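File shown here: start04.txt, holding compact mmCIF, C-alpha atoms.
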```txt
# COMPACT_ATOMS: atom_id res chain seq x y z
CA MET A 1 10.80 -22.95 -6.05
CA ASP A 2 12.88 -25.21 -3.81
CA HIS A 3 11.56 -27.64 -1.19
CA ASP A 4 11.71 -25.11 1.65
CA GLN A 5 9.70 -22.57 -0.32
CA LEU A 6 7.10 -25.16 -1.28
CA LEU A 7 6.68 -25.99 2.40
CA ARG A 8 6.69 -22.35 3.54
CA TYR A 9 3.97 -21.34 1.09
CA SER A 10 2.09 -24.65 1.05
CA ARG A 11 -1.11 -23.32 2.62
CA GLN A 12 -1.43 -20.74 -0.16
CA ILE A 13 -0.46 -23.16 -2.89
CA LEU A 14 -3.25 -25.48 -1.73
CA LEU A 15 -5.85 -22.88 -2.72
CA PRO A 16 -7.38 -24.07 -6.03
CA ASP A 17 -7.44 -20.56 -7.55
CA PHE A 18 -3.90 -19.79 -6.38
CA SER A 19 -1.68 -22.88 -6.75
CA ILE A 20 2.01 -22.83 -7.69
CA GLU A 21 1.32 -20.41 -10.53
CA GLY A 22 0.04 -17.78 -8.11
CA GLN A 23 3.01 -18.26 -5.81
CA GLU A 24 5.43 -17.86 -8.68
CA LYS A 25 3.74 -14.59 -9.63
CA LEU A 26 4.25 -13.30 -6.09
CA LEU A 27 7.89 -14.37 -6.05
CA ALA A 28 8.47 -12.47 -9.28
CA SER A 29 6.74 -9.28 -8.08
CA ARG A 30 8.14 -5.98 -6.85
CA VAL A 31 5.92 -3.91 -4.53
CA LEU A 32 6.58 -0.34 -3.42
CA ILE A 33 5.22 0.49 0.05
CA ILE A 34 5.00 4.17 0.95
CA GLY A 35 4.96 4.43 4.73
CA VAL A 36 5.84 1.70 7.25
CA GLY A 37 3.80 2.96 10.20
CA GLY A 38 0.43 1.70 11.35
CA LEU A 39 -0.81 0.60 7.92
CA GLY A 40 2.53 -0.16 6.32
CA SER A 41 3.58 -2.51 9.12
CA PRO A 42 0.91 -5.19 8.56
CA VAL A 43 1.06 -4.68 4.80
CA ALA A 44 4.80 -5.28 4.67
CA MET A 45 4.74 -8.15 7.16
CA TYR A 46 1.96 -10.06 5.40
CA LEU A 47 3.46 -9.50 1.94
CA ALA A 48 6.86 -10.69 3.15
CA ALA A 49 5.33 -13.73 4.80
CA ALA A 50 3.30 -14.48 1.65
CA GLY A 51 6.45 -14.43 -0.48
CA VAL A 52 6.36 -11.25 -2.55
CA GLY A 53 9.82 -11.35 -4.08
CA HIS A 54 10.96 -7.74 -3.65
CA LEU A 55 9.58 -5.16 -1.22
CA VAL A 56 10.69 -1.53 -1.41
CA LEU A 57 10.04 0.46 1.77
CA VAL A 58 9.88 4.26 1.82
CA ASP A 59 9.54 6.34 4.99
CA ASP A 60 11.43 9.36 6.30
CA ASP A 61 10.37 8.94 9.93
CA ARG A 62 12.03 7.40 12.98
CA VAL A 63 10.48 5.09 15.56
CA GLU A 64 8.96 6.85 18.57
CA LEU A 65 7.50 5.42 21.76
CA SER A 66 3.99 6.54 20.76
CA ASN A 67 4.26 4.46 17.56
CA LEU A 68 4.52 1.13 19.37
CA GLN A 69 0.83 0.94 20.30
CA ARG A 70 -0.04 0.08 16.67
CA GLN A 71 3.06 -0.07 14.42
CA LEU A 72 3.90 -3.74 14.88
CA ALA A 73 6.95 -3.85 12.61
CA HIS A 74 8.85 -1.95 15.32
CA GLY A 75 9.74 -2.71 18.93
CA THR A 76 10.94 -0.90 22.01
CA ASP A 77 14.58 -1.48 21.11
CA ASP A 78 13.98 0.27 17.77
CA ILE A 79 13.10 3.66 19.27
CA GLY A 80 15.17 6.31 17.48
CA ARG A 81 15.94 4.12 14.47
CA PRO A 82 14.68 4.88 10.97
CA LYS A 83 11.40 3.01 10.50
CA VAL A 84 12.60 1.54 7.22
CA ASP A 85 15.60 -0.05 8.99
CA SER A 86 13.49 -1.47 11.79
CA ALA A 87 10.87 -2.78 9.36
CA ARG A 88 13.54 -4.26 7.09
CA ASP A 89 14.98 -6.27 10.00
CA THR A 90 11.51 -7.51 10.97
CA LEU A 91 10.75 -8.63 7.41
CA ARG A 92 14.06 -10.45 7.08
CA ARG A 93 13.33 -12.36 10.28
CA LEU A 94 9.90 -13.27 8.94
CA ASN A 95 11.17 -14.43 5.56
CA PRO A 96 14.86 -14.36 4.62
CA HIS A 97 13.99 -15.29 1.02
CA VAL A 98 12.35 -11.92 0.35
CA ARG A 99 14.49 -9.07 -0.94
CA VAL A 100 13.95 -5.82 0.98
CA SER A 101 15.14 -2.42 -0.23
CA SER A 102 14.60 0.79 1.72
CA HIS A 103 14.70 4.57 1.40
CA HIS A 104 14.87 6.64 4.57
CA ALA A 105 13.49 9.66 2.74
CA ARG A 106 10.33 11.24 1.43
CA LEU A 107 10.52 10.72 -2.30
CA HIS A 108 9.57 13.52 -4.67
CA GLY A 109 9.56 14.17 -8.39
CA ASP A 110 11.77 11.95 -10.51
CA ALA A 111 12.89 9.87 -7.53
CA LEU A 112 9.29 8.94 -6.75
CA LEU A 113 8.39 8.48 -10.39
CA ASN A 114 11.31 6.12 -10.98
CA GLU A 115 10.43 3.93 -7.99
CA VAL A 116 6.79 3.75 -9.04
CA ARG A 117 7.80 2.87 -12.60
CA GLU A 118 9.96 -0.02 -11.33
CA ALA A 119 7.14 -1.47 -9.21
CA ASP A 120 4.48 -3.94 -10.29
CA LEU A 121 2.15 -2.39 -7.71
CA VAL A 122 2.24 0.46 -5.19
CA VAL A 123 0.76 0.41 -1.69
CA ASP A 124 -0.14 3.82 -0.25
CA ALA A 125 0.22 3.57 3.53
CA SER A 126 1.05 7.25 3.98
CA ASP A 127 -0.70 9.61 6.37
CA ASN A 128 -1.16 12.87 4.47
CA PHE A 129 -2.85 14.11 1.32
CA ALA A 130 0.25 15.66 -0.20
CA SER A 131 1.93 12.24 -0.35
CA ARG A 132 -1.25 10.52 -1.54
CA PHE A 133 -1.80 12.99 -4.37
CA ALA A 134 1.85 12.83 -5.50
CA LEU A 135 1.78 9.03 -5.42
CA ASN A 136 -1.47 8.90 -7.34
CA ASP A 137 -0.06 11.25 -9.99
CA ALA A 138 2.98 8.99 -10.40
CA CYS A 139 0.85 5.85 -10.62
CA VAL A 140 -1.40 7.40 -13.28
CA GLN A 141 1.58 8.59 -15.28
CA THR A 142 3.28 5.17 -15.17
CA ARG A 143 0.02 3.16 -15.32
CA THR A 144 0.87 1.32 -12.11
CA PRO A 145 -1.86 -0.24 -9.92
CA LEU A 146 -2.34 1.49 -6.57
CA VAL A 147 -3.75 0.01 -3.35
CA SER A 148 -4.80 2.87 -1.09
CA GLY A 149 -5.68 2.74 2.60
CA ALA A 150 -6.44 5.17 5.40
CA ALA A 151 -7.36 4.80 9.07
CA ILE A 152 -8.14 7.22 11.87
CA ARG A 153 -10.03 7.04 15.18
CA MET A 154 -12.17 3.90 14.63
CA GLU A 155 -12.79 4.33 10.89
CA GLY A 156 -10.89 3.09 7.87
CA GLN A 157 -11.10 2.69 4.12
CA VAL A 158 -9.44 0.75 1.30
CA ALA A 159 -9.63 1.18 -2.47
CA VAL A 160 -7.81 -0.16 -5.51
CA PHE A 161 -7.04 2.11 -8.45
CA ARG A 162 -6.02 0.45 -11.71
CA SER A 163 -4.24 3.14 -13.68
CA ASP A 164 -3.18 0.42 -16.10
CA ARG A 165 -6.78 0.48 -17.33
CA ASP A 166 -8.35 3.42 -19.15
CA ASP A 167 -11.87 3.21 -17.76
CA GLY A 168 -11.24 3.26 -14.01
CA PRO A 169 -11.07 6.17 -11.54
CA CYS A 170 -7.94 7.37 -9.76
CA TYR A 171 -7.51 8.61 -6.20
CA ARG A 172 -8.00 12.20 -7.34
CA CYS A 173 -11.42 11.29 -8.74
CA LEU A 174 -12.39 10.44 -5.16
CA TYR A 175 -10.78 13.40 -3.41
CA LYS A 176 -10.66 16.61 -5.39
CA ASP A 177 -8.57 18.46 -2.83
CA GLU A 178 -7.36 18.17 0.73
CA GLY A 179 -10.47 19.68 2.32
CA GLU A 180 -10.96 18.78 5.97
CA LEU A 181 -9.92 15.14 5.65
CA ASP A 182 -6.17 15.59 6.03
CA GLN A 183 -6.08 14.55 9.68
CA SER A 184 -3.44 12.70 11.65
CA CYS A 185 -3.56 10.05 14.36
CA SER A 186 -1.49 12.31 16.61
CA GLU A 187 -4.33 14.86 16.57
CA ASN A 188 -7.36 12.55 16.49
CA GLY A 189 -6.21 9.23 17.91
CA VAL A 190 -6.60 5.72 16.52
CA LEU A 191 -7.52 2.36 18.03
CA ALA A 192 -4.62 -0.07 17.54
CA PRO A 193 -6.43 -2.99 15.84
CA LEU A 194 -7.97 -0.67 13.25
CA VAL A 195 -4.72 -0.18 11.35
CA GLY A 196 -4.15 -3.92 11.46
CA ILE A 197 -7.55 -4.55 9.89
CA ILE A 198 -7.10 -1.97 7.13
CA GLY A 199 -3.46 -2.88 6.48
CA SER A 200 -4.35 -6.57 6.24
CA ILE A 201 -7.02 -5.79 3.65
CA GLN A 202 -4.47 -3.76 1.69
CA ALA A 203 -2.14 -6.76 1.75
CA MET A 204 -4.99 -9.03 0.61
CA GLU A 205 -5.87 -6.72 -2.27
CA THR A 206 -2.22 -6.48 -3.27
CA ILE A 207 -1.93 -10.26 -3.50
CA LYS A 208 -5.18 -10.47 -5.47
CA VAL A 209 -4.09 -7.87 -8.02
CA LEU A 210 -0.63 -9.42 -8.46
CA THR A 211 -1.99 -12.93 -8.97
CA GLY A 212 -5.38 -12.26 -10.56
CA LEU A 213 -7.09 -14.01 -7.65
CA GLY A 214 -10.79 -13.27 -7.17
CA GLN A 215 -12.35 -9.84 -7.63
CA SER A 216 -10.39 -6.90 -6.27
CA LEU A 217 -11.70 -3.58 -4.97
CA ASP A 218 -10.90 -2.04 -8.33
CA GLY A 219 -13.22 0.94 -8.72
CA ARG A 220 -14.78 0.43 -5.29
CA LEU A 221 -14.28 2.04 -1.89
CA LEU A 222 -14.56 -0.23 1.15
CA LEU A 223 -15.51 1.68 4.31
CA PHE A 224 -15.18 0.25 7.82
CA ASP A 225 -16.71 1.64 11.01
CA GLY A 226 -15.05 -0.15 13.90
CA ARG A 227 -17.31 1.41 16.53
CA ASP A 228 -20.42 -0.27 15.13
CA MET A 229 -18.57 -3.04 13.23
CA ASP A 230 -20.19 -1.91 10.00
CA TRP A 231 -18.87 -2.42 6.46
CA ARG A 232 -20.00 -0.53 3.37
CA THR A 233 -18.86 -0.61 -0.23
CA LEU A 234 -19.30 2.33 -2.60
CA LYS A 235 -18.92 2.24 -6.36
CA LEU A 236 -16.44 4.84 -7.61
CA ARG A 237 -16.84 6.60 -10.92
CA LYS A 238 -14.18 8.09 -13.12
CA ASP A 239 -14.33 11.89 -13.12
CA PRO A 240 -14.19 13.10 -16.75
CA HIS A 241 -12.78 16.39 -15.46
CA CYS A 242 -10.23 14.86 -13.09
CA PRO A 243 -7.03 16.97 -13.14
CA THR A 244 -4.92 13.81 -12.99
CA CYS A 245 -6.48 10.99 -15.00
CA SER A 246 -8.84 12.61 -17.51
CA ARG A 247 -7.65 12.17 -21.08
CA PRO A 248 -6.82 15.86 -21.70
CA ALA A 249 -5.03 16.07 -18.34
CA ARG A 250 -2.98 12.95 -19.07
CA ALA A 251 -2.10 14.12 -22.54
CA ASN A 252 -0.95 17.50 -21.29
CA ALA A 253 0.61 16.42 -18.01
CA PRO A 254 4.07 17.91 -17.54
CA ALA A 255 6.95 15.66 -16.61
CA MET A 256 7.59 15.46 -12.87
CA ASP A 257 10.74 17.20 -11.77
CA SER A 258 12.86 16.56 -8.72
```

Take the structure from the file and write it as structure tokens.
Amino acid sequence: MDHDQLLRYSRQILLPDFSIEGQEKLLASRVLIIGVGGLGSPVAMYLAAAGVGHLVLVDDDRVELSNLQRQLAHGTDDIGRPKVDSARDTLRRLNPHVRVSSHHARLHGDALLNEVREADLVVDASDNFASRFALNDACVQTRTPLVSGAAIRMEGQVAVFRSDRDDGPCYRCLYKDEGELDQSCSENGVLAPLVGIIGSIQAMETIKVLTGLGQSLDGRLLLFDGRDMDWRTLKLRKDPHCPTCSRPARANAPAMDS
């Protein structure tokens, strides 16, 4: 690190459990962020500011006026632009030392699998179960850590799934199918600060996993009720019959096609 970087990241480096070693780990890391909307905005902004070396942004959407109430990586002048382009410009203004790559697309099959394989960690900031399940499958197949978040109305949740370990659950152990939980903010609404809270926790967990700092939410589900300002943590168990991460399922899993 040069003098400017030491000064930029000095408040993190001062942490006794973080130090220069932790900062160097961040600078050497590549993080894939799926979705740069309400959750992805604070995740990407905090990770860029913290000095994660390479951020890869994936989103097929464009900025709309209704996004601006909560998606802070975008501004009024960005309406109509691809979200990945708007977010990329915001991150470069925050920290020009961070490399930012982007895909204005919804990745599937081999394209998704290849991006997940290249990443040291994946952040799921998507808004639908189809994307979450596909991303989880790719993370399990490539043994890539996954930081998952969701927020709607005044409720949110965060969990960390360590597919690089054999004994932990995956996202599919928690949600067997789509059920009634596949809801969108456009249909149910969301209070603006909620996505900032959940996205910030996702960024915190990402930094902790990348650097080995503290105890992550690995194998735990953190639930937040903003209406009553109530936090709960649930222990997650690995499902021995999980269609994605159980040993027979992993052994027989077909290769993902494009």

How big is the axis-aligned box, and where does its centre sit, when it encloses all atoms of stretch 209-216 of chain A listed in the file and has 8 Å added on every side, reported in Å to one decimal as AutoDock Vina command-line options?
```
--center_x -6.5 --center_y -10.5 --center_z -8.4 --size_x 27.7 --size_y 23.1 --size_z 20.3
```

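You will find atom CA of A:Arg237 at 26.2 Å from atom CA of A:Val195.
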
- Top pick for closest residue to A:Val147, considering A:Ile33, A:Leu112, A:His103, A:Arg93 and counting only C-alpha atoms: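 Using only C-alpha atoms, A:Val147 sits closest to A:Ile33.
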
- Task: Excluding stretch 58-73 of chain A and any residue of its chain fewer than 5 positions from it, enumerate the residues within 9 Å of it, using all atoms listed in the file, and give them as a count of residues only.
- Result: 42

- Proximity to A:Leu55 - best of A:Ala119, A:Ala134, A:Cys245, A:Val209, all atoms listed in the file: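 For A:Leu55, the nearest of the candidates is A:Ala119.
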
- Message: Using Å and a single decimal, report how far atom CA of A:Val158 sits from atom CA of A:Trp231.
- Response: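 Computing it gives 11.2 Å between the two atoms.
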
Could the residues of stretch 185-221 of chain A that have an atom at most 12 Å from stretch 3-24 of chain A be listed as CSV, each with its closest atom pair and the distance in Å to one decimal, counting only C-alpha atoms and ordered by chain and ascending residue number?
```
residue,atom,partner,partner_atom,distance
A:Ile207,CA,A:Gly22,CA,9.0
A:Lys208,CA,A:Gly22,CA,9.4
A:Val209,CA,A:Gly22,CA,10.7
A:Leu210,CA,A:Gly22,CA,8.4
A:Thr211,CA,A:Gly22,CA,5.3
A:Gly212,CA,A:Gly22,CA,8.1
A:Leu213,CA,A:Asp17,CA,6.6
A:Gly214,CA,A:Asp17,CA,8.0
A:Gln215,CA,A:Asp17,CA,11.8
```

- Could you work out how far atom CA of A:Leu135 lies from atom CA of A:His54, giving the answer in Å with one decimal?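 Separation between atom CA of A:His54 and atom CA of A:Leu135: 19.2 Å.
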